[in-house]
Amino acid sequence: MNAAQKSLLQASRWRAWEPALWAAAFIAPMVLPSHAAIINEIAIVALFAMSLDLVLGFTGIVSLGHAAFFGFGAYSAALFAKHVMPDPLVGLAVAIAGCTLLGAVASLTIQRGSDLTRLMVTLGFALILLELANKLDWLTGGADGLQGVILGPVLGMFAFDLGGKTAAYYSLAVLLVFFVLARRLVHSPFGATLEAIRDNRLRAMAIGIPVSSRIAVVYTIAAALAGAAGALLAQTTGFASLDVFEFHRSADVMLILVVGGTGWLYGGIAGAIVFKLMQDALSAITPQYWTFWIGLFLVVLVLVGRERLLKPWTWFAKKGGAA
Amino acid sequence: EEAFKIGLILPMTGQQATTGRQIEAAAKLYMAQNGDTVAGRKVQLIIKDDTSLPDVTRRLAQELVVNDKVNVLAGFGITPSAMATAPIATQSKTPQVVMAAATSAITEASPYIVRTSFTLPQVSVALADWAPKNGIKTVVTLVSDYGPGIDAEKFFKDRLTFNGGKVTESLRVPLRNPDFAPFLQKVRDAKPDALFVFVPSGAGSAVMKQFLERGMDKAGIKLIATGDVTDDDQLNDMGDGALGVVTSHHYSAAHPSAMNKKFVEAFGKANKGLRPNFMAVGGYDGMRVIYEALKKTGGKGGGDALLAAMKGQIFESPRGPVFIDAQTRDIVQNVYLRKVEKKDGQLYNVEFDVIKDVKDPGKNK
Amino acid sequence: MLTILFDGIAYGMLLFVLAVGLAVTMGLMNFINLAHGAFAMAGGYVTVLLMQHAGVPFLVCLPIAFVIPALIGAVLERTLYRPLYNKPHLDQVLFSIGLTFMAVAAVDFFVGSTQQIIQLPEWLKGRTEIGSGDWILGMGHYRLFIIAVCAALTVALQFVLAKTRFGSRLRASVDDQRVAAGLGINVNIVFLSTFAVGSGLAGLGGALGAEVLGLDPSFPLKFMIYFLIVVAVGGTSSITGPLLAALLLGVADVAGKYYIPKMGAFIVYTLMIVILIWRPQGLFVRSGGKT
Amino acid sequence: MSDVVLSCKGLVKRFGGITATNNVTLELKRGARHALIGPNGAGKTTLINLLTGVLEPTEGSITLEGRDITKLAPHLRVRSGMVRTFQINQLFASMTPLETLALVVSQHRGLGASIWKRLGADAAVTQRCTELLEQFRLAEVMNQRTEHLAYGKRRLLEIAIALACEPRVLLLDEPVAGVPAGEREELLQTVAALPADVSVLLIEHDMDLVFSFANRMTVLVNGTVLTEGDPDQIANDPEVKAVYLGHGEDAHA
Amino acid sequence: MPELLRIESLSAGYGEAVVLHDVSLALGEGQTLALLGRNGTGKTTLMNTIAGATRQHAGTITLGGVALHKLAPHQRAAAGIGWVPQERNIFRSLTVHENLTAVARAGKWTPDGVYAMFPRLAERKTNLGTQLSGGEQQMLAVGRALVVNPKLLLLDEPLEGLAPIIVEELLAAIRRITREEGLSAIIVEQHPQAVLAISDEAVVLDRGTVVHASSAQALSAQPEVLERLLGVSR
Ligand SMILES: Nc1ncnc2c1ncn2[C@@H]1O[C@H](COP(=O)(O)OP(=O)(O)OP(=O)(O)O)[C@@H](O)[C@H]1O
Ligand SMILES: Nc1ncnc2c1ncn2[C@@H]1O[C@H](COP(=O)(O)OP(=O)(O)OP(=O)(O)O)[C@@H](O)[C@H]1O
Ligand SMILES: [Mg+2]
Ligand SMILES: [Mg+2]
């Protein structure tokens with residue numbers, strides 16, 4: 001093996017902290033059973049953010065309408081459980097399949113234009129789905145939400161419990177599976193072509209990369225992942241309502257991803273943990289004004305810089321050097 | 001002994017924030033007035049913000065039940081939030097007191113749900129009873145395009161038709177709708193005797209203003225609405241244009257009873273002069289229902305016992321006499337017809353007629 | 001018929017006043033300032049508070065609603081925004097959203113979360129009707145007023161940007177700050193004044209729009225989508241683009257809701273998507289504009 | 001197989017009122033070392049953009065290896081063996097030279113769509129990368145992010161990318177711009193050392209280089225072909241002297 | 001001949017990195033200085049420092065008695081600096097004409113003067129900055145520096161990418177402008193002979209310091225020095 005190969009493969013090797021992190025994640029619901037519900041929520045949001053990272057972080061395609069797929073996944077899974085069969089895994093697969101189709105169709109709309117154009121087209125797409133779900137109230141329950149979704153036990157063995165432990169493990173497991181797949185994807189030549197498209201589309205074309213179809217493929221994959229996240233939400237809460245399509249879902253997931261950092265897959269996970277825990281803690285302290293502190297956090301995060309905020313010891317070192 | 005815990009889940013931020021604030025203030029007022037010890041047991045209120053996201057509501061409820069071991073879940077600003085929580089109430093056998101959400105079907109989602117707010121069919125039919133008797137034969141309805149709006153539209157129309165009136169056109173406006181101009185213009189062109197409106201409180205003043213701006217009152221069209229439109233919370237800022245608007249609702253801050261006077265006064269004193277609205281009274285009465293149930297169970301407060309003690313409560317509320325129907329667990333109450341009038345330089349919904357003991361008509365279908 | 005057209009134009013103009021400041025900061029300065037709505041809200045609250053508590057007449061409030069947000073904008077530009085011009089757009093989004101959250105919570109804390117209602121002076125309340133039958137044209141006075149203010153603003157802005165050197169100096173500074181400064185353009189002043197004007201315009205828009213759209217602390221988040229639609233459809237290279245886009249969307253929305261009310265919310269979004277897929281750089285960009 | 005690899009007929013490109021390319025007909029022979037010269041704004045870069053599909057011609061047709069490619073998507077032209085460099089560097093800023101080349105080689109060898117393999121897993125690919133890195137003296141910086149490289153190195157990478165695609169036809173747009181005088185020759189050596197059947201079209205304003213490299217030249221003026229010939233003919237053409245070479249270039253005659 | 005520019009003990013760089021060390025030089029009115037050196041030796045950095053676009057650590061720059069190093073970048077243009085950056089940096093969302101008018105200052109040089117010098121630009125007046133060929137951008141960059149009506153022109157590789165005939169014309173024009181209008185200029189170039197021919201002074205940089213300073217004539221007469229310092233013999 002030559003030096004070039006070694007350093008290329010180095011990039012995709014599992015770091016020591018990664019298995020440790022995942023092990024910690026899977027121990028968490030056991031050690032902190034009282035937080036199982038929020039662990040479940042974090043896992044779902046992390047999956048959702050990871051899906052956005054594939055398009056935004058790796059391919060440079062911005063989207064303010066990722067909730068379209070999240071919501072579609074949620075309703076597909078909920079309707080499937082209600083009308084066809086209650087098995088969660090089958091429902092998950094159906095939701096993913098549905099979102100893959102939807103993503104393939106939607107990928108036609110994001111091929112051209114500037115960032116702003118894409119933001120608005122994706123946003124519009126999600127809002128139209130929202131309106132549709134509202135109008136089709138005989139199917140979706142409209143604004144009241146879709147009730148009566150009862151899920152069977154996972155793998156026929158683990159029933160969803162009130163404490164949310166099964167839900168947490170279910171979501172974590174799905175997250176892990178998709179994480180491994182996504183990790184493989186971004187370190188493949190395919191993943192490298194995505195980064196090439198993000199960095200310089202003109203040149204990407206000039207070395208023979210079929211830019212449009214690559215974008216379409218990754219957008220479709222991301223849609224499937226977002227759909228999986230939505231399906232998990234519907235399955236673990238036994239409920240789906242219109243807000244899964246709302247603008248703020250898309251906006252929040254983007255915030256979460258950017259907080260955690262784009263383009264390294266863990267960004268969504270880190271962002272989900274930080275954001276959700278902070279929101280939970282702050283809103284417990286001041287249910288009325290917690291948004292202020294979240295806002296302050298975002299402002300400080302940007303002004304100080306993600307790197308420096310996470311490494312406080314660099315605050316003073318820098319000044320010393322300049323003097 | 002451990003405290004008796006009430007988990008109060010409300011929208012405290014975002015567009016529904018006023019709902020949460022009113023209910024929180026009312027609940028705290030009730031506790032201040034009645035002490036925080038009931039039948040020897042300390043009562044503790046845990047307030048959570050669900051930002052009007054049903055999955056968050058559900059998660060918070062789950063955590064409250066599992067971790068904090070609350071005895072009662074309460075609050076619930078919007079219908080999906082109440083609905084999403086219903087399975088938790090059922091599964092954990094925890095009474096769920098709905099203090100705000102107003103879609104008819106909520107109480108059917110779990111046998112543990114008790115409602116102290118109102119339902120839209122309840123207040124809409126009252127208006128449909130009143131209108132034909134007062135020279136209103138043709139009506140155009142204008143409602144927000146979501147569950148409660150559609151409830152209001154349907155029950156108003158059915159009852160009006162039954163009473164010999166006619167709904168000539170039914171308009172639904174999107175929930176996110178900054179400008180009512182095209183809808184109102186359509187109404188104006190249709191020239192009905194009256195326009196029936198339901199929009200969530202907040203949008204109400206916009207409708208009213210644009211109604212006037214369009215000169216619709218001068219064109220002989222009357223504005224009738226559910227009480228959300230002339231929400232007490234905002235009525236005073238709406239200006240004289242609101243004068244004379246007829247609405248039907250279960251509560252007005254101007255309800256002429258001693259109890260209400262005391263309630264309004266105490267509420268204002270505790271909240272920088274804020275006027276309680278129908279949300280506040282839902283929260284206030286909800287607390288009463290919980291307190292009384294706790295008393296009845298002698299401070300023990302098992303879920304089923306509490307629920308049994310909540311069912312069938314009859315009491316005097318600031319809104320008038322109310323009754324928790326043991327069968328439906330929904331509230332039975334008087335619905336008042338009110339007209340906006342000026343009293344001591346302030347605008348109030350002044351009651352001029354009442355339809356007694358209205359059950360939720362949604363339950364008879 | 002004509003009334004619907006008139007209402008549509010007035011609604012479009014209102015959207016334009018609200019979005020034009022964003023077109024300036026985002027289109028010309030290339031800064032994604034999602035806190036735009038917060039400046040608009042500031043203008044709205046300045047007006048409401050002055051009218052309610054100090055009895056200041058509406059017309060006097062309008063310039064103040066421009067000046068105060070402009071000052072706030074200027075101060076924030078100097079202190080917080082400036083270091084972010086060279087940061088990635090996503091960081092700008094994060095920052096400005098954070099600022100919006102803070103503004104929302106702060107207003108909630110100081111003023112409360114209830115809807116604020118503006119009482120217009122009598123002369124703006126009425127309505128004039130011309131013609132009759134199918135061709136009747138009913139014009140609300142306040143809507144007429146909005147159209148007038150908006151037209152004046154457009155002319156003034158267009159003049160400044162197209163006919164004076166300020167416009168090209170601004171765009172030069174955005175394109176390449178370092179070289180622009182090296183060639184004698186006082187980049188700091190150009191940015192500061194542009195940002196202040198953008199914020200001021202937002203404030204004015206908020207003051208004018210509060211009457212129609214309502215005003216509560218969630219204003220900046222609630223209407224962000226509308227501002228963005230106008231700027232995206234109009235393109236970011238001029239002032240006339242967003243104006244025409246706002247008019248088109250306003251008329252389409254009003255007419256659509258009048259003639260096919262069932263389609264209500266779909267119209268604007270569908271129109272936007274179709275336009276953006278057809279002309280990704282916006283409907284009214286200069287031929288071959290920026291890429 | 002025909003002798004002409006790439007040709008265009010009656011190519012026209014208008015930008016609004018400007019005709020940047022005006023009825024250009026050009027043939028590139030197999031194995032040619034062909035230079036395209038002409039005054040600034042003559043339409044040289046535009047012509048390359050048309051040939052590679054970055055721009056769509058207003059009129060005219062383009063043929064590659066006997067096949068009409070006028071409407072073919074840019075990336076498919078690359079697959080057919082036509083590769084270019086850019087006058088202004090077009091690189092992948094966040095990638096290292098090694099990653100860049102690994103990507104290009106993988107893509108070229110048909111692995112670009114493989115989702116499951118890891119980049120670098122293929123030994124043949126990394127072998128080729130190593131060769132290229134050595135050849136362009138990029139080995140010592142192969143793990144630095146491209147955006148942090150010195151200009152000269154970036155310029156080398158620009159050309160290395162093109163060669164990594166193993167072109168049959170190579171279009172070079174001012175490849176040595178910004179490269180110091182001493183290193184220019186060396187850079188063109190690598191190009192000159194390509195297999196004899198690879199055809200090269202070179203745009204360059206440095207006449208020393210052009211005349212030492214080319215065996216065929218086309219002069220473009222105001223979007224049209226002024227003349228074509230071998231280097232001697234061109235160097236002595238009075239018209240070319242008047243519009244392009246000026247007086248200082250007599251030495252090449 | 002009065003002195004225009006004097007640089008003393010200048011050190012400057014980017015961020016914390018110091019690229020120039022203790023550079024001193026002087027230039028008279030109407031004089032042209034050829035600034036030579038291998039790649040990456042700091043020629044551009046010196047030009048940028050005079051224009052105010054780098055971080056100056058120490059030393060002084062005076063232009064006609066004004067302490068330039070104390071001025072903000074935009075004030076330096078007013079004090080008489082006209083800058084042609086190495087990467088051209090045409091303002092891409094401005095048309096050719098706007099590129100000129102946006103920075104123009106009152107004086108002898110007007111956009112029309114520039115059009116007369118580069119007729120090509122006149123034909124492309126309404127093109128946006130990005131819609132120019134490489135060479136046209138170079139012409140525009142030079143024209144843009146002229147309409148500032150400076151006392152000192154900073155030309156950073158102005159000949160790169162220009163057709164030979166334009167190179168000739170431009171060199172002649174620079175010579176004419178400096179001789180007839182009393183403008184001074186500093187020119188950075190990869191091809192030393194071309195610039196030395198029209199320059200009065202020559203300075204060679206290596207690793208951020210001045211390693212040679214003489215008259216241009218003297219330097220071009222010493223091919224062995226050129227070979228040693230620049231690695232070219234031509
Ligand atoms: N997008 C465009 N819109 C309008 N005109 C353009 C556009 N792109 C190029 N042009 C014009 O077309 C002509 C040809 O440009 P091109 O870049 O092909 O020249 P070139 O021969 O490469 O010149 P140089 O040697 O200076 O690089 C130029 O005059 C340029 O101004
Ligand atoms: N923006 C920058 N940040 C950090 N270092 C830089 C920057 N620009 C240049 N340098 C470094 O400063 C040194 C001098 O660069 P400069 O551009 O001044 O050289 P130059 O003599 O103009 O070279 P060239 O002939 O390539 O134009 C180089 O080592 C370069 O790496
Ligand atoms: Mg060119
Ligand atoms: Mg340089």
# chains A, B, ... in the order shown; residues from 1 in each chain; ligands from 1
>>> closest_atom_pairs(of="chain E", to="ligand 4", cutoff="8 Å", atoms="only C-alpha atoms and all ligand atoms", output="Markdown table")
| residue | atom | partner | partner_atom_place_in_ligand_line | distance |
| --- | --- | --- | --- | --- |
| E:Asn39 | CA | ligand 4 | 1 (Mg) | 7.1 |
| E:Gly40 | CA | ligand 4 | 1 (Mg) | 6.8 |
| E:Gly42 | CA | ligand 4 | 1 (Mg) | 6.9 |
| E:Lys43 | CA | ligand 4 | 1 (Mg) | 5.4 |
| E:Thr44 | CA | ligand 4 | 1 (Mg) | 3.9 |
| E:Thr45 | CA | ligand 4 | 1 (Mg) | 7.1 |
| E:Gln86 | CA | ligand 4 | 1 (Mg) | 6.0 |
| E:Asp156 | CA | ligand 4 | 1 (Mg) | 6.7 |
| E:Glu157 | CA | ligand 4 | 1 (Mg) | 7.2 |
| E:Val188 | CA | ligand 4 | 1 (Mg) | 7.6 |
>>> interface_residues(of="chain B", to="chain A", cutoff="8 Å", atoms="only C-alpha atoms", output="list in words")
Met12, Thr13, Ile47, Lys48, Asp49, Leu53, Pro54, Asp55, Arg58, Arg59, Gln62, Glu63, Val66, Asn67, Thr79, Pro80, Met83, Ala84, Ile88, Gln91, Ser92, Thr103, Tyr146 and Gly147 of chain B
>>> closest_atom_pairs(of="chain C", to="chain A", cutoff="6 Å", atoms="only C-alpha atoms", output="CSV")
residue,atom,partner,partner_atom,distance
C:Phe95,CA,A:Val299,CA,4.8
C:Gly98,CA,A:Gly295,CA,3.7
C:Leu99,CA,A:Gly295,CA,5.8
C:Phe101,CA,A:Gly295,CA,4.9
C:Met102,CA,A:Phe292,CA,4.2
C:Ala105,CA,A:Phe292,CA,5.1
C:Tyr269,CA,A:Gly124,CA,5.1
C:Ile273,CA,A:Val121,CA,5.3
C:Pro280,CA,A:Gly113,CA,4.3
C:Gln281,CA,A:Gly113,CA,5.7
>>> atom_distance(atom1="atom CA of Ala206 of chain B", atom2="atom CA of Asp228 of chain B")
12.4 Å
>>> closest_residue(among="D:Gly16, D:Leu101, D:Glu65, D:Leu172", to="chain C", atoms="only C-alpha atoms")
D:Gly16
>>> atom_distance(atom1="atom CA of Pro256 of chain B", atom2="atom CA of Phe156 of chain B")
26.9 Å
>>> residues_around(residues="segment 9-22 of chain A", least_positions_apart="6", cutoff="10 Å", atoms="only C-alpha atoms", output="list in words")
Ala3, Ala28, Leu172, Leu176, Arg183, Arg184, Val186, His187, Ser188 and Tyr266 of chain A; Glu99, Arg118, Leu119, Gly120 and Ala121 of chain D
>>> atom_distance(atom1="atom 20 (P, counted along the ligand's line) of ligand 1", atom2="atom CA of Ser133 of chain E")
5.0 Å
>>> residues_near_ligand(ligand="ligand 3", cutoff="8 Å", atoms="only C-alpha atoms and all ligand atoms", output="list in words")
Asn40, Gly41, Gly43, Lys44, Thr45, Thr46, Gln87, Asp173, Glu174 and Ile203 of chain D; Ser133, Gly134 and Gly135 of chain E
>>> write_last_selection(atoms="N, CA, C and O atoms", output="compact mmCIF listing (two decimals), in the first residue's frame")
# COMPACT_ATOMS: atom_id res chain seq x y z
N ASN D 40 -6.82 40.22 -27.29
CA ASN D 40 -7.73 40.06 -26.16
C ASN D 40 -9.16 40.26 -26.60
O ASN D 40 -9.47 41.18 -27.35
N GLY D 41 -10.00 39.37 -26.13
CA GLY D 41 -11.40 39.48 -26.49
C GLY D 41 -11.70 38.97 -27.89
O GLY D 41 -12.77 39.21 -28.43
N GLY D 43 -12.19 35.97 -28.67
CA GLY D 43 -13.15 34.88 -28.59
C GLY D 43 -12.51 33.52 -28.39
O GLY D 43 -13.14 32.49 -28.64
N LYS D 44 -11.29 33.50 -27.91
CA LYS D 44 -10.59 32.22 -27.73
C LYS D 44 -11.23 31.41 -26.60
O LYS D 44 -11.59 30.24 -26.76
N THR D 45 -11.35 32.05 -25.45
CA THR D 45 -11.96 31.35 -24.31
C THR D 45 -13.39 30.95 -24.64
O THR D 45 -13.83 29.84 -24.32
N THR D 46 -14.08 31.84 -25.31
CA THR D 46 -15.46 31.53 -25.69
C THR D 46 -15.50 30.29 -26.56
O THR D 46 -16.36 29.42 -26.38
N GLN D 87 -8.64 29.20 -17.77
CA GLN D 87 -7.78 30.39 -17.72
C GLN D 87 -7.65 30.85 -16.28
O GLN D 87 -6.59 31.24 -15.82
N ASP D 173 -6.22 26.57 -21.74
CA ASP D 173 -6.50 28.01 -21.83
C ASP D 173 -5.50 28.77 -20.96
O ASP D 173 -5.62 28.78 -19.74
N GLU D 174 -4.53 29.38 -21.59
CA GLU D 174 -3.47 30.12 -20.90
C GLU D 174 -2.96 29.35 -19.68
O GLU D 174 -3.06 29.81 -18.55
N ILE D 203 -4.07 27.84 -25.90
CA ILE D 203 -4.24 29.28 -25.97
C ILE D 203 -3.17 29.90 -25.10
O ILE D 203 -2.99 29.47 -23.95
N SER E 133 -13.33 39.28 -21.35
CA SER E 133 -12.26 38.30 -21.50
C SER E 133 -11.16 38.65 -20.51
O SER E 133 -11.14 39.73 -19.92
N GLY E 134 -10.26 37.69 -20.31
CA GLY E 134 -9.18 37.90 -19.35
C GLY E 134 -8.42 39.19 -19.62
O GLY E 134 -8.16 39.98 -18.72
N GLY E 135 -8.06 39.41 -20.88
CA GLY E 135 -7.27 40.59 -21.22
C GLY E 135 -8.05 41.87 -21.04
O GLY E 135 -7.52 42.89 -20.59
>>> closest_atom_pairs(of="chain D", to="ligand 1", cutoff="12 Å", atoms="only C-alpha atoms and all ligand atoms", output="JSON lines")
{"residue": "D:Val12", "atom": "CA", "partner": "ligand 1", "partner_atom_place_in_ligand_line": "12 (O)", "distance": 11.5}
{"residue": "D:Lys13", "atom": "CA", "partner": "ligand 1", "partner_atom_place_in_ligand_line": "12 (O)", "distance": 8.8}
{"residue": "D:Arg14", "atom": "CA", "partner": "ligand 1", "partner_atom_place_in_ligand_line": "4 (C)", "distance": 7.8}
{"residue": "D:Phe15", "atom": "CA", "partner": "ligand 1", "partner_atom_place_in_ligand_line": "4 (C)", "distance": 4.6}
{"residue": "D:Gly16", "atom": "CA", "partner": "ligand 1", "partner_atom_place_in_ligand_line": "4 (C)", "distance": 6.8}
{"residue": "D:Gly17", "atom": "CA", "partner": "ligand 1", "partner_atom_place_in_ligand_line": "4 (C)", "distance": 8.1}
{"residue": "D:Ile18", "atom": "CA", "partner": "ligand 1", "partner_atom_place_in_ligand_line": "5 (N)", "distance": 6.0}
{"residue": "D:Thr19", "atom": "CA", "partner": "ligand 1", "partner_atom_place_in_ligand_line": "12 (O)", "distance": 6.9}
{"residue": "D:Ala20", "atom": "CA", "partner": "ligand 1", "partner_atom_place_in_ligand_line": "12 (O)", "distance": 4.2}
{"residue": "D:Thr21", "atom": "CA", "partner": "ligand 1", "partner_atom_place_in_ligand_line": "14 (C)", "distance": 7.2}
{"residue": "D:Asn22", "atom": "CA", "partner": "ligand 1", "partner_atom_place_in_ligand_line": "14 (C)", "distance": 10.4}
{"residue": "D:Leu36", "atom": "CA", "partner": "ligand 1", "partner_atom_place_in_ligand_line": "21 (O)", "distance": 9.1}
{"residue": "D:Ile37", "atom": "CA", "partner": "ligand 1", "partner_atom_place_in_ligand_line": "21 (O)", "distance": 7.8}
{"residue": "D:Gly38", "atom": "CA", "partner": "ligand 1", "partner_atom_place_in_ligand_line": "21 (O)", "distance": 6.4}
{"residue": "D:Pro39", "atom": "CA", "partner": "ligand 1", "partner_atom_place_in_ligand_line": "25 (O)", "distance": 5.9}
{"residue": "D:Asn40", "atom": "CA", "partner": "ligand 1", "partner_atom_place_in_ligand_line": "26 (O)", "distance": 3.4}
{"residue": "D:Gly41", "atom": "CA", "partner": "ligand 1", "partner_atom_place_in_ligand_line": "19 (O)", "distance": 3.4}
{"residue": "D:Ala42", "atom": "CA", "partner": "ligand 1", "partner_atom_place_in_ligand_line": "21 (O)", "distance": 3.8}
{"residue": "D:Gly43", "atom": "CA", "partner": "ligand 1", "partner_atom_place_in_ligand_line": "18 (O)", "distance": 3.1}
{"residue": "D:Lys44", "atom": "CA", "partner": "ligand 1", "partner_atom_place_in_ligand_line": "21 (O)", "distance": 3.5}
{"residue": "D:Thr45", "atom": "CA", "partner": "ligand 1", "partner_atom_place_in_ligand_line": "22 (O)", "distance": 3.6}
{"residue": "D:Thr46", "atom": "CA", "partner": "ligand 1", "partner_atom_place_in_ligand_line": "18 (O)", "distance": 3.6}
{"residue": "D:Leu47", "atom": "CA", "partner": "ligand 1", "partner_atom_place_in_ligand_line": "18 (O)", "distance": 6.3}
{"residue": "D:Ile48", "atom": "CA", "partner": "ligand 1", "partner_atom_place_in_ligand_line": "18 (O)", "distance": 7.9}
{"residue": "D:Asn49", "atom": "CA", "partner": "ligand 1", "partner_atom_place_in_ligand_line": "18 (O)", "distance": 8.2}
{"residue": "D:Leu50", "atom": "CA", "partner": "ligand 1", "partner_atom_place_in_ligand_line": "18 (O)", "distance": 9.7}
{"residue": "D:Leu51", "atom": "CA", "partner": "ligand 1", "partner_atom_place_in_ligand_line": "18 (O)", "distance": 11.9}
{"residue": "D:Val54", "atom": "CA", "partner": "ligand 1", "partner_atom_place_in_ligand_line": "1 (N)", "distance": 11.3}
{"residue": "D:Leu55", "atom": "CA", "partner": "ligand 1", "partner_atom_place_in_ligand_line": "1 (N)", "distance": 9.3}
{"residue": "D:Glu56", "atom": "CA", "partner": "ligand 1", "partner_atom_place_in_ligand_line": "1 (N)", "distance": 11.6}
{"residue": "D:Phe86", "atom": "CA", "partner": "ligand 1", "partner_atom_place_in_ligand_line": "22 (O)", "distance": 10.5}
{"residue": "D:Gln87", "atom": "CA", "partner": "ligand 1", "partner_atom_place_in_ligand_line": "27 (O)", "distance": 7.5}
{"residue": "D:Ile88", "atom": "CA", "partner": "ligand 1", "partner_atom_place_in_ligand_line": "27 (O)", "distance": 9.8}
{"residue": "D:Leu172", "atom": "CA", "partner": "ligand 1", "partner_atom_place_in_ligand_line": "22 (O)", "distance": 11.4}
{"residue": "D:Asp173", "atom": "CA", "partner": "ligand 1", "partner_atom_place_in_ligand_line": "22 (O)", "distance": 8.0}
{"residue": "D:Glu174", "atom": "CA", "partner": "ligand 1", "partner_atom_place_in_ligand_line": "27 (O)", "distance": 8.0}
{"residue": "D:Pro175", "atom": "CA", "partner": "ligand 1", "partner_atom_place_in_ligand_line": "27 (O)", "distance": 11.6}
{"residue": "D:Ala177", "atom": "CA", "partner": "ligand 1", "partner_atom_place_in_ligand_line": "27 (O)", "distance": 10.7}
{"residue": "D:Leu202", "atom": "CA", "partner": "ligand 1", "partner_atom_place_in_ligand_line": "22 (O)", "distance": 11.6}
{"residue": "D:Ile203", "atom": "CA", "partner": "ligand 1", "partner_atom_place_in_ligand_line": "25 (O)", "distance": 8.1}
{"residue": "D:Glu204", "atom": "CA", "partner": "ligand 1", "partner_atom_place_in_ligand_line": "25 (O)", "distance": 7.8}
{"residue": "D:His205", "atom": "CA", "partner": "ligand 1", "partner_atom_place_in_ligand_line": "25 (O)", "distance": 7.3}
{"residue": "D:Asp206", "atom": "CA", "partner": "ligand 1", "partner_atom_place_in_ligand_line": "25 (O)", "distance": 11.0}
{"residue": "D:Val219", "atom": "CA", "partner": "ligand 1", "partner_atom_place_in_ligand_line": "21 (O)", "distance": 10.2}
{"residue": "D:Leu220", "atom": "CA", "partner": "ligand 1", "partner_atom_place_in_ligand_line": "21 (O)", "distance": 7.6}
{"residue": "D:Val221", "atom": "CA", "partner": "ligand 1", "partner_atom_place_in_ligand_line": "21 (O)", "distance": 8.1}
{"residue": "D:Asn222", "atom": "CA", "partner": "ligand 1", "partner_atom_place_in_ligand_line": "14 (C)", "distance": 7.7}
{"residue": "D:Gly223", "atom": "CA", "partner": "ligand 1", "partner_atom_place_in_ligand_line": "14 (C)", "distance": 7.0}
{"residue": "D:Thr224", "atom": "CA", "partner": "ligand 1", "partner_atom_place_in_ligand_line": "21 (O)", "distance": 10.6}
{"residue": "D:Val225", "atom": "CA", "partner": "ligand 1", "partner_atom_place_in_ligand_line": "21 (O)", "distance": 11.6}
{"residue": "D:Tyr244", "atom": "CA", "partner": "ligand 1", "partner_atom_place_in_ligand_line": "25 (O)", "distance": 10.7}
>>> residues_near_ligand(ligand="ligand 2", cutoff="10 Å", atoms="only C-alpha atoms and all ligand atoms", output="number ranges by chain")
D: 148-152, 178-181; E: 12-20, 35-49, 53-54, 86-87, 156-157, 188-190, 205-208
>>> closest_residue(among="C:Ala152, C:Ile97, C:Met29, C:Ala10", to="chain E", atoms="only C-alpha atoms")
C:Met29
>>> select_by_dssp(residues="segment 104-303 of chain A", states="helix (DSSP H, G or I)", output="NGL selection string")
:A and (104-110 or 115-135 or 137-140 or 142-144 or 165-186 or 189-199 or 201-206 or 211-237 or 242-245 or 247-260 or 266-285 or 290-303)
>>> interface_residues(of="chain D", to="chain A", cutoff="9 Å", atoms="only C-alpha atoms", output="MDAnalysis selection string")
chainID D and resid 52 54 73:79 83:86 90:95 98:100 102:104 106:108 111:123 125:127 129:130 139 142:143 161:162 165
